[in-house]
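For reference, work36.txt is printed below; it contains compact mmCIF, C-alpha atoms.
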```txt
# COMPACT_ATOMS: atom_id res chain seq x y z
CA MET H 213 0.00 0.00 0.00
CA GLU H 214 1.50 3.30 -1.08
CA ALA H 215 1.90 5.77 1.75
CA GLN H 216 0.05 9.09 1.32
CA LEU H 217 0.90 12.64 2.38
CA ASN H 218 -1.70 14.48 4.44
CA ARG H 219 -2.25 18.24 4.65
CA GLY H 220 -0.04 18.63 7.69
CA GLY H 221 3.02 17.43 5.82
CA ARG H 222 3.13 14.06 7.65
CA LEU H 223 3.47 10.85 5.73
CA VAL H 224 2.00 7.79 7.46
CA GLY H 225 1.55 4.48 5.70
CA ALA H 226 2.58 0.84 5.45
CA LEU H 227 4.95 -1.04 3.19
CA ALA H 228 2.46 -3.86 2.88
CA ALA H 229 4.86 -6.46 1.54
CA LEU H 230 6.75 -6.67 4.85
CA GLY H 231 4.57 -4.80 7.31
CA VAL H 232 7.09 -1.97 7.70
CA VAL H 233 5.49 1.25 8.90
CA VAL H 234 6.98 4.51 7.64
CA GLY H 235 6.50 8.08 8.83
CA SER H 236 7.94 11.23 7.33
CA ALA H 237 8.20 14.85 8.40
CA VAL H 238 8.95 17.28 5.59
CA SER H 239 10.23 20.84 6.00
CA PHE H 240 9.93 23.45 3.22
CA ALA H 241 8.04 20.85 1.17
CA ASP H 242 5.30 21.06 -1.41
CA ALA H 243 4.18 17.50 -2.08
CA GLY H 244 1.13 18.31 -4.21
CA ALA H 245 2.80 19.21 -7.50
CA ALA H 246 2.17 16.29 -9.87
CA ASP H 247 4.05 17.98 -12.70
CA ALA H 248 7.13 18.35 -10.53
CA GLU H 249 6.93 14.68 -9.61
CA GLN H 250 6.89 13.71 -13.27
CA ARG H 251 9.85 15.97 -14.04
CA GLY H 252 11.73 14.50 -11.09
CA ALA H 253 11.59 11.09 -12.71
CA ARG H 254 13.32 12.47 -15.82
CA ALA H 255 16.62 13.49 -14.20
CA GLU H 256 19.13 13.39 -17.06
CA SER H 257 22.69 12.14 -16.99
CA SER H 258 23.95 15.34 -18.62
CA VAL H 259 23.35 17.53 -15.56
CA ALA H 260 26.02 18.24 -12.96
CA VAL H 261 26.48 15.50 -10.36
CA LEU H 262 27.50 16.44 -6.82
CA ALA H 263 30.43 14.54 -5.39
CA PRO H 264 29.69 11.99 -2.62
CA ASP H 265 31.34 14.25 -0.01
CA ASP H 266 29.48 17.41 -1.05
CA ALA H 267 27.73 18.62 2.12
CA ARG H 268 24.90 20.26 0.17
CA ALA H 269 23.22 16.85 -0.04
CA THR H 270 23.47 14.56 2.99
CA VAL H 271 21.68 11.63 4.59
CA ALA H 272 22.24 10.61 8.21
CA LEU H 273 21.11 7.79 10.44
CA ARG H 274 19.63 9.96 13.16
CA GLU H 275 18.35 7.15 15.36
CA CYS H 276 18.81 3.37 15.34
CA LEU H 277 16.72 1.48 17.93
CA PRO H 278 17.37 -2.23 17.37
CA ARG H 279 15.31 -3.45 20.33
CA LYS H 280 12.33 -1.37 19.20
CA ARG H 281 12.93 -2.40 15.58
CA ALA H 282 12.89 1.24 14.46
CA ALA H 283 15.19 3.62 12.60
CA THR H 284 15.05 7.31 11.66
CA PHE H 285 16.97 8.84 8.75
CA GLU H 286 17.41 12.54 8.00
CA VAL H 287 17.90 13.87 4.48
CA ARG H 288 19.11 17.44 3.88
CA ALA H 289 19.40 19.13 0.50
CA GLN H 290 20.50 22.76 0.27
CA ARG H 291 19.51 25.10 -2.53
CA LEU H 292 22.12 25.50 -5.26
CA ALA H 293 22.91 28.70 -7.14
CA GLY H 294 20.49 29.02 -10.04
CA SER H 295 18.05 26.45 -8.68
CA VAL H 296 14.47 27.17 -7.68
CA ARG H 297 13.35 23.85 -6.25
CA VAL H 298 15.02 20.74 -4.93
CA GLY H 299 13.42 17.30 -4.76
CA VAL H 300 14.41 14.13 -2.94
CA ARG H 301 13.31 10.54 -3.28
CA VAL H 302 13.98 8.16 -0.37
CA ALA H 303 13.87 4.38 -0.72
CA LEU H 304 14.31 1.91 2.15
CA LEU H 305 16.80 -0.88 1.49
CA GLU H 306 16.99 -4.19 3.35
CA ARG H 307 19.68 -6.85 3.50
CA ARG H 308 19.89 -10.35 4.94
CA ASP H 309 23.23 -11.93 5.77
CA GLY H 310 24.88 -13.11 2.58
CA LYS H 311 22.23 -11.50 0.38
CA PRO H 312 22.39 -8.32 -1.73
CA TRP H 313 20.62 -5.11 -0.75
CA ARG H 314 17.08 -4.81 -2.09
CA ALA H 315 14.38 -2.17 -2.00
CA VAL H 316 11.50 -2.73 0.42
CA GLY H 317 8.10 -2.42 -1.20
CA VAL H 318 6.90 -2.92 -4.74
CA ARG H 319 6.26 0.69 -5.81
CA PRO H 320 8.95 3.31 -6.41
CA ALA H 321 9.35 5.98 -3.75
CA ARG H 322 7.62 9.33 -4.33
CA TRP H 323 9.46 12.57 -4.98
CA LEU H 324 9.16 15.27 -2.31
CA TRP H 325 9.74 18.87 -3.43
CA SER H 326 10.72 22.03 -1.64
CA THR H 327 8.69 25.21 -1.80
CA PRO H 328 10.01 27.42 -4.64
CA GLY H 329 12.87 29.57 -3.37
CA ALA H 330 13.31 27.69 -0.07
CA SER H 331 16.88 27.57 1.19
CA ALA H 332 16.77 23.83 1.92
CA LEU H 333 14.63 20.71 2.01
CA VAL H 334 14.78 18.51 5.14
CA VAL H 335 13.03 15.15 5.27
CA ASP H 336 12.91 12.96 8.38
CA ARG H 337 11.87 9.42 7.55
CA LYS H 338 11.10 7.01 10.40
CA TYR H 339 10.58 3.29 9.87
CA ARG H 340 9.02 0.97 12.44
CA ARG H 341 8.35 -2.77 12.64
CA LEU H 342 11.60 -3.59 10.93
CA ARG H 343 12.25 -7.29 10.62
CA PRO H 344 14.64 -9.06 13.03
CA GLY H 345 17.92 -10.30 11.62
CA ARG H 346 18.07 -7.64 8.90
CA LYS H 347 20.17 -4.58 8.06
CA TYR H 348 18.53 -1.38 6.84
CA ARG H 349 19.64 1.81 5.09
CA VAL H 350 18.08 4.33 2.73
CA ARG H 351 19.01 5.28 -0.82
CA VAL H 352 18.40 8.92 -1.68
CA ASP H 353 18.10 10.60 -5.08
CA VAL H 354 18.34 14.40 -5.15
CA VAL H 355 17.49 16.70 -8.08
CA TRP H 356 17.76 20.50 -8.36
CA ARG H 357 15.66 22.33 -10.98
CA ASP H 358 15.83 25.80 -12.47
CA ARG H 359 12.99 28.25 -13.17
CA ARG H 360 11.93 26.37 -16.29
CA GLY H 361 11.76 23.08 -14.40
CA ASP H 362 14.81 21.64 -16.13
CA PRO H 363 17.31 19.59 -14.09
CA LEU H 364 20.29 21.64 -12.99
CA ALA H 365 22.17 19.10 -10.82
CA SER H 366 21.67 15.74 -9.15
CA ALA H 367 23.14 13.61 -6.38
CA LYS H 368 22.85 10.09 -4.98
CA ARG H 369 23.42 9.19 -1.35
CA LEU H 370 23.46 6.05 0.81
CA SER H 371 22.87 6.28 4.54
CA PRO H 372 24.74 4.45 7.32
CA VAL H 373 23.35 1.05 8.26
CA CYS H 374 20.98 0.19 11.13
CA ARG H 375 21.10 -3.47 12.14
CA VAL H 376 18.13 -5.18 13.79
CA PRO H 377 19.30 -8.26 15.73
CA PRO H 378 17.57 -11.61 15.18
CA ALA H 379 14.70 -12.65 17.42
CA LEU H 380 16.41 -14.68 20.13
CA PRO H 381 15.86 -15.45 23.82
CA ASN H 382 18.12 -13.95 26.46
CA LEU H 383 18.22 -15.85 29.74
CA ARG H 384 19.74 -14.05 32.68
CA PRO H 385 19.66 -14.39 36.47
CA VAL H 386 18.15 -11.23 37.94
CA SER H 387 18.45 -12.08 41.64
CA LEU H 388 20.32 -14.50 43.89
CA ALA H 389 19.30 -15.05 47.51
CA ILE H 390 21.32 -16.95 50.14
CA ARG H 391 19.15 -18.13 53.01
CA ARG H 392 19.59 -20.04 56.25
CA GLY H 393 20.29 -23.74 56.16
CA GLY H 394 22.01 -23.65 52.76
CA LEU H 395 18.97 -22.63 50.73
CA TYR H 396 19.84 -20.85 47.48
CA THR H 397 17.15 -19.23 45.30
CA VAL H 398 17.63 -17.68 41.88
CA VAL H 399 15.17 -15.74 39.73
CA VAL H 400 15.72 -16.24 35.99
CA ARG H 401 14.21 -13.95 33.36
CA ASN H 402 13.96 -14.28 29.60
CA ALA H 403 14.86 -10.75 28.55
CA GLY H 404 14.94 -11.62 24.86
CA SER H 405 12.40 -11.41 22.05
CA ALA H 406 11.81 -15.13 21.46
CA PRO H 407 10.89 -18.15 23.63
CA SER H 408 13.75 -20.11 25.17
CA ALA H 409 14.25 -23.86 25.18
CA PRO H 410 14.53 -25.77 28.47
CA THR H 411 17.99 -25.67 30.02
CA THR H 412 19.69 -25.74 33.44
CA ALA H 413 21.22 -23.37 35.97
CA THR H 414 24.16 -24.01 38.27
CA ILE H 415 24.88 -22.54 41.69
CA VAL H 416 28.46 -22.65 42.96
CA ALA H 417 29.27 -22.05 46.62
CA GLY H 418 32.88 -22.91 47.46
CA PRO H 419 33.61 -26.50 46.40
CA TRP H 420 29.91 -27.33 46.13
CA GLN H 421 27.92 -27.04 42.92
CA GLY H 422 24.21 -27.61 42.46
CA THR H 423 22.29 -27.96 39.20
CA VAL H 424 18.60 -27.06 38.77
CA ALA H 425 16.34 -27.41 35.71
CA VAL H 426 15.03 -24.26 34.02
CA PRO H 427 11.87 -24.72 31.92
CA ALA H 428 11.12 -23.04 28.60
CA LEU H 429 10.32 -19.37 29.13
CA ARG H 430 8.41 -16.94 26.95
CA PRO H 431 9.80 -13.45 26.34
CA GLY H 432 9.55 -11.45 29.56
CA ALA H 433 8.69 -14.48 31.69
CA VAL H 434 10.45 -15.11 35.03
CA TYR H 435 11.07 -18.34 36.91
CA GLU H 436 12.28 -18.82 40.48
CA LEU H 437 14.38 -21.89 41.21
CA ALA H 438 15.66 -23.13 44.55
CA THR H 439 18.08 -25.78 45.78
CA PHE H 440 19.71 -26.81 49.04
CA GLY H 441 23.43 -27.14 49.57
CA PRO H 442 26.02 -26.67 52.28
CA PRO H 443 26.06 -23.19 53.81
CA CYS H 444 28.59 -20.98 52.07
CA PRO H 445 31.60 -19.63 54.01
CA ALA H 446 31.09 -16.01 55.10
CA GLY H 447 32.78 -13.60 52.70
CA SER H 448 33.06 -16.14 49.89
CA VAL H 449 31.51 -15.53 46.47
CA VAL H 450 28.46 -17.49 45.37
CA THR H 451 27.64 -17.57 41.64
CA ALA H 452 24.53 -18.54 39.72
CA THR H 453 24.85 -19.30 36.00
CA VAL H 454 21.96 -19.91 33.62
CA ASP H 455 22.53 -22.21 30.66
CA PRO H 456 26.18 -22.93 31.55
CA GLY H 457 26.55 -25.34 28.63
CA ARG H 458 25.24 -22.74 26.16
CA VAL H 459 22.53 -25.08 24.93
CA VAL H 460 20.26 -22.12 24.16
CA ARG H 461 21.34 -19.69 21.46
CA GLU H 462 20.90 -16.25 23.03
CA LEU H 463 20.96 -12.61 22.10
CA ASN H 464 23.65 -11.98 24.72
CA GLU H 465 25.82 -14.78 26.06
CA GLY H 466 27.68 -12.46 28.41
CA ASP H 467 24.98 -11.84 31.04
CA ASN H 468 24.26 -15.40 32.16
CA THR H 469 26.10 -15.23 35.51
CA LEU H 470 25.26 -13.39 38.71
CA ALA H 471 27.55 -13.29 41.77
CA LYS H 472 26.91 -12.42 45.41
CA VAL H 473 29.06 -12.35 48.53
CA CYS H 474 28.01 -14.85 51.19
CA PRO H 475 26.82 -12.90 54.26
CA PRO H 476 28.05 -13.72 57.78
CA PRO H 477 25.82 -16.03 59.83
CA VAL H 478 23.08 -14.38 61.80
CA SER H 479 23.99 -14.30 65.51
CA ARG H 480 21.37 -15.53 67.95
```
Produce structure tokens that represent the structure in this file.
Amino acid sequence: MEAQLNRGGRLVGALAALGVVVGSAVSFADAGAADAEQRGARAESSVAVLAPDDARATVALRECLPRKRAATFEVRAQRLAGSVRVGVRVALLERRDGKPWRAVGVRPARWLWSTPGASALVVDRKYRRLRPGRKYRVRVDVVWRDRRGDPLASAKRLSPVCRVPPALPNLRPVSLAIRRGGLYTVVVRNAGSAPSAPTTATIVAGPWQGTVAVPALRPGAVYELATFGPPCPAGSVVTATVDPGRVVRELNEGDNTLAKVCPPPVSR
């Protein structure tokens, strides 16, 4: 479904093929000129082409939020001498590991045009619901036109890349309690974005080690496990490790262990 511009200059729509939601804020823009859109598609190779490092046409990755599966890109195009309007066309590109970059969506991106005589055109394009395990960037075409509507110069830009991690579980111990009589309790949480498979957790107190089963957990779910062992020596370090054998593929393998100092015995 092609996204549409409303009167307030906001673009809200869906790239139906993949469910990606896109929003756009346009400054100094006039998006209602159909004739300008048609001329924008006829940018000719004979016009001047701005160098890749020319700061008069830039695209930046303003915000990359992998956990929220969102990214915001900012396009800036300054007015050139002799130009009256500048137009930009922004296309979202997606890449899987080992695959080439490809455009998201089936229809070509629309041209957005500045108000005649404006000093610059700024377009903020925000994408949400990006797919896990993908990399994203935008490809930008820029065209400057003179008073007759003829192309004066053009530029092409590629933005930096925003990577969305794959949907994986992330098991981590969030609390470790040492109680009287050698009772050890651990709270395990799945802080990832996918369900986890069953695994185990180990508790180490001095030379003693105990192993407890951890069931499959949905994203955000917590599970409290408990086991008895010999009382730990005061001042020693007790550790709890979830999935010590790395049976479960996780988003972060470095947060599976929690340590706590064994407190002195309570005096009667």
Size and centre in Å, one decimal, axis-aligned box, all listed stretch 339-350 of chain H atoms plus 6 Å per side, as lines of an AutoDock Vina configuration file:
```
center_x = 14.3
center_y = -3.0
center_z = 7.9
size_x = 23.8
size_y = 26.6
size_z = 22.3
```
- [ ] Pick out the closest residue to H:Ala272 from this set: H:Val373, H:Ala260, H:Ala293, H:Val300. Count all atoms listed in the file.
- [x]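 Checking each of H:Val373, H:Ala260, H:Ala293, H:Val300 against H:Ala272, counting all atoms listed in the file, the winner is H:Val373.
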- [ ] For a cut-off of 10 Å around (18.2, -14.6, 47.7), file coordinates, pick out all residues using only C-alpha atoms and list them as a list in words.
- [x]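 The residues that fall inside the cut-off are Ser387, Leu388, Ala389, Ile390, Arg391, Leu395, Tyr396, Thr397, Val398, Val399, Ala438 and Lys472 of chain H.
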Open item on the list: Restricting the calculation to all atoms listed in the file: of H:Val376, H:Ile415, H:Ala403, H:Leu470, which residue gets closest to H:Pro344?
Closed with: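 Closest to H:Pro344, using all atoms listed in the file: H:Val376.
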Task: Who sits within 6 Å of H:Val350, all atoms listed in the file, same chain under 6 positions skipped, as a list in words - done: Ala303, Leu304, Leu305, Leu370 and Ser371 of chain H
Task: Given all atoms listed in the file as the counted atoms, nearest of H:Ala413, H:Leu383, H:Val450, H:Val459 to H:Ala471 - done: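 When distances to H:Ala471 are compared using all atoms listed in the file, the smallest one comes from H:Val450.
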- [ ] Quote the spacing between atom CA of H:Phe285 and atom CA of H:Leu273 in Å to one decimal place.
- [x]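 According to the coordinates, atom CA of H:Phe285 and atom CA of H:Leu273 are separated by 4.6 Å.
Our summary of the geometry notes that atom CA of H:Trp313 is positioned 20.4 Å from atom CA of H:Glu275.
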Assuming the input is short of atoms at stretch 369-380 of chain H, produce all heavy atoms for that part as an mmCIF file, keeping the file's coordinate frame.
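What landed in rebuild-v1.cif:
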```
data_model
loop_
_atom_site.group_PDB
_atom_site.id
_atom_site.type_symbol
_atom_site.label_atom_id
_atom_site.label_comp_id
_atom_site.auth_asym_id
_atom_site.auth_seq_id
_atom_site.Cartn_x
_atom_site.Cartn_y
_atom_site.Cartn_z
ATOM 1 N N ARG H 369 22.833 9.400 -2.669
ATOM 2 C CA ARG H 369 23.420 9.190 -1.350
ATOM 3 C C ARG H 369 22.921 7.866 -0.771
ATOM 4 O O ARG H 369 21.789 7.442 -1.006
ATOM 5 C CB ARG H 369 23.040 10.327 -0.391
ATOM 6 C CG ARG H 369 23.569 11.702 -0.802
ATOM 7 C CD ARG H 369 25.079 11.760 -0.656
ATOM 8 N NE ARG H 369 25.612 13.088 -0.915
ATOM 9 C CZ ARG H 369 26.091 13.475 -2.101
ATOM 10 N NH1 ARG H 369 26.086 12.621 -3.126
ATOM 11 N NH2 ARG H 369 26.570 14.692 -2.257
ATOM 12 N N LEU H 370 23.799 7.233 0.033
ATOM 13 C CA LEU H 370 23.460 6.050 0.810
ATOM 14 C C LEU H 370 23.702 6.358 2.277
ATOM 15 O O LEU H 370 24.747 6.906 2.637
ATOM 16 C CB LEU H 370 24.296 4.847 0.387
ATOM 17 C CG LEU H 370 23.906 4.127 -0.901
ATOM 18 C CD1 LEU H 370 24.929 3.053 -1.230
ATOM 19 C CD2 LEU H 370 22.518 3.501 -0.782
ATOM 20 N N SER H 371 22.749 5.994 3.113
ATOM 21 C CA SER H 371 22.870 6.280 4.540
ATOM 22 C C SER H 371 23.724 5.233 5.237
ATOM 23 O O SER H 371 23.979 4.149 4.691
ATOM 24 C CB SER H 371 21.484 6.292 5.183
ATOM 25 O OG SER H 371 20.997 4.965 5.285
ATOM 26 N N PRO H 372 24.158 5.516 6.482
ATOM 27 C CA PRO H 372 24.740 4.450 7.320
ATOM 28 C C PRO H 372 23.706 3.357 7.579
ATOM 29 O O PRO H 372 22.512 3.531 7.328
ATOM 30 C CB PRO H 372 25.114 5.196 8.610
ATOM 31 C CG PRO H 372 25.252 6.627 8.197
ATOM 32 C CD PRO H 372 24.240 6.841 7.108
ATOM 33 N N VAL H 373 24.173 2.249 8.105
ATOM 34 C CA VAL H 373 23.350 1.050 8.260
ATOM 35 C C VAL H 373 22.836 0.928 9.698
ATOM 36 O O VAL H 373 23.566 1.180 10.661
ATOM 37 C CB VAL H 373 24.152 -0.208 7.885
ATOM 38 C CG1 VAL H 373 23.359 -1.472 8.182
ATOM 39 C CG2 VAL H 373 24.550 -0.151 6.417
ATOM 40 N N CYS H 374 21.571 0.549 9.837
ATOM 41 C CA CYS H 374 20.980 0.190 11.130
ATOM 42 C C CYS H 374 20.702 -1.305 11.116
ATOM 43 O O CYS H 374 19.987 -1.800 10.238
ATOM 44 C CB CYS H 374 19.684 0.969 11.366
ATOM 45 S SG CYS H 374 18.837 0.544 12.916
ATOM 46 N N ARG H 375 21.263 -2.025 12.083
ATOM 47 C CA ARG H 375 21.100 -3.470 12.140
ATOM 48 C C ARG H 375 20.090 -3.848 13.214
ATOM 49 O O ARG H 375 20.200 -3.410 14.366
ATOM 50 C CB ARG H 375 22.442 -4.160 12.433
ATOM 51 C CG ARG H 375 22.348 -5.681 12.495
ATOM 52 C CD ARG H 375 23.712 -6.288 12.791
ATOM 53 N NE ARG H 375 23.625 -7.739 12.860
ATOM 54 C CZ ARG H 375 23.308 -8.430 13.946
ATOM 55 N NH1 ARG H 375 23.045 -7.777 15.078
ATOM 56 N NH2 ARG H 375 23.259 -9.744 13.929
ATOM 57 N N VAL H 376 19.125 -4.659 12.842
ATOM 58 C CA VAL H 376 18.130 -5.180 13.790
ATOM 59 C C VAL H 376 18.540 -6.613 14.124
ATOM 60 O O VAL H 376 18.611 -7.457 13.230
ATOM 61 C CB VAL H 376 16.719 -5.144 13.194
ATOM 62 C CG1 VAL H 376 15.706 -5.680 14.193
ATOM 63 C CG2 VAL H 376 16.358 -3.727 12.780
ATOM 64 N N PRO H 377 18.835 -6.916 15.380
ATOM 65 C CA PRO H 377 19.300 -8.260 15.730
ATOM 66 C C PRO H 377 18.208 -9.297 15.506
ATOM 67 O O PRO H 377 17.010 -8.967 15.491
ATOM 68 C CB PRO H 377 19.667 -8.145 17.218
ATOM 69 C CG PRO H 377 18.845 -7.013 17.717
ATOM 70 C CD PRO H 377 18.737 -6.047 16.570
ATOM 71 N N PRO H 378 18.584 -10.559 15.347
ATOM 72 C CA PRO H 378 17.570 -11.610 15.180
ATOM 73 C C PRO H 378 16.754 -11.797 16.434
ATOM 74 O O PRO H 378 17.181 -11.446 17.539
ATOM 75 C CB PRO H 378 18.416 -12.856 14.860
ATOM 76 C CG PRO H 378 19.766 -12.562 15.439
ATOM 77 C CD PRO H 378 19.958 -11.084 15.296
ATOM 78 N N ALA H 379 15.570 -12.366 16.273
ATOM 79 C CA ALA H 379 14.700 -12.650 17.420
ATOM 80 C C ALA H 379 15.250 -13.866 18.157
ATOM 81 O O ALA H 379 15.201 -14.983 17.646
ATOM 82 C CB ALA H 379 13.272 -12.900 16.944
ATOM 83 N N LEU H 380 15.803 -13.618 19.340
ATOM 84 C CA LEU H 380 16.410 -14.680 20.130
ATOM 85 C C LEU H 380 16.026 -14.510 21.603
ATOM 86 O O LEU H 380 15.747 -13.405 22.056
ATOM 87 C CB LEU H 380 17.942 -14.643 20.013
ATOM 88 C CG LEU H 380 18.556 -15.002 18.661
ATOM 89 C CD1 LEU H 380 20.053 -14.731 18.679
ATOM 90 C CD2 LEU H 380 18.275 -16.448 18.309
#
```
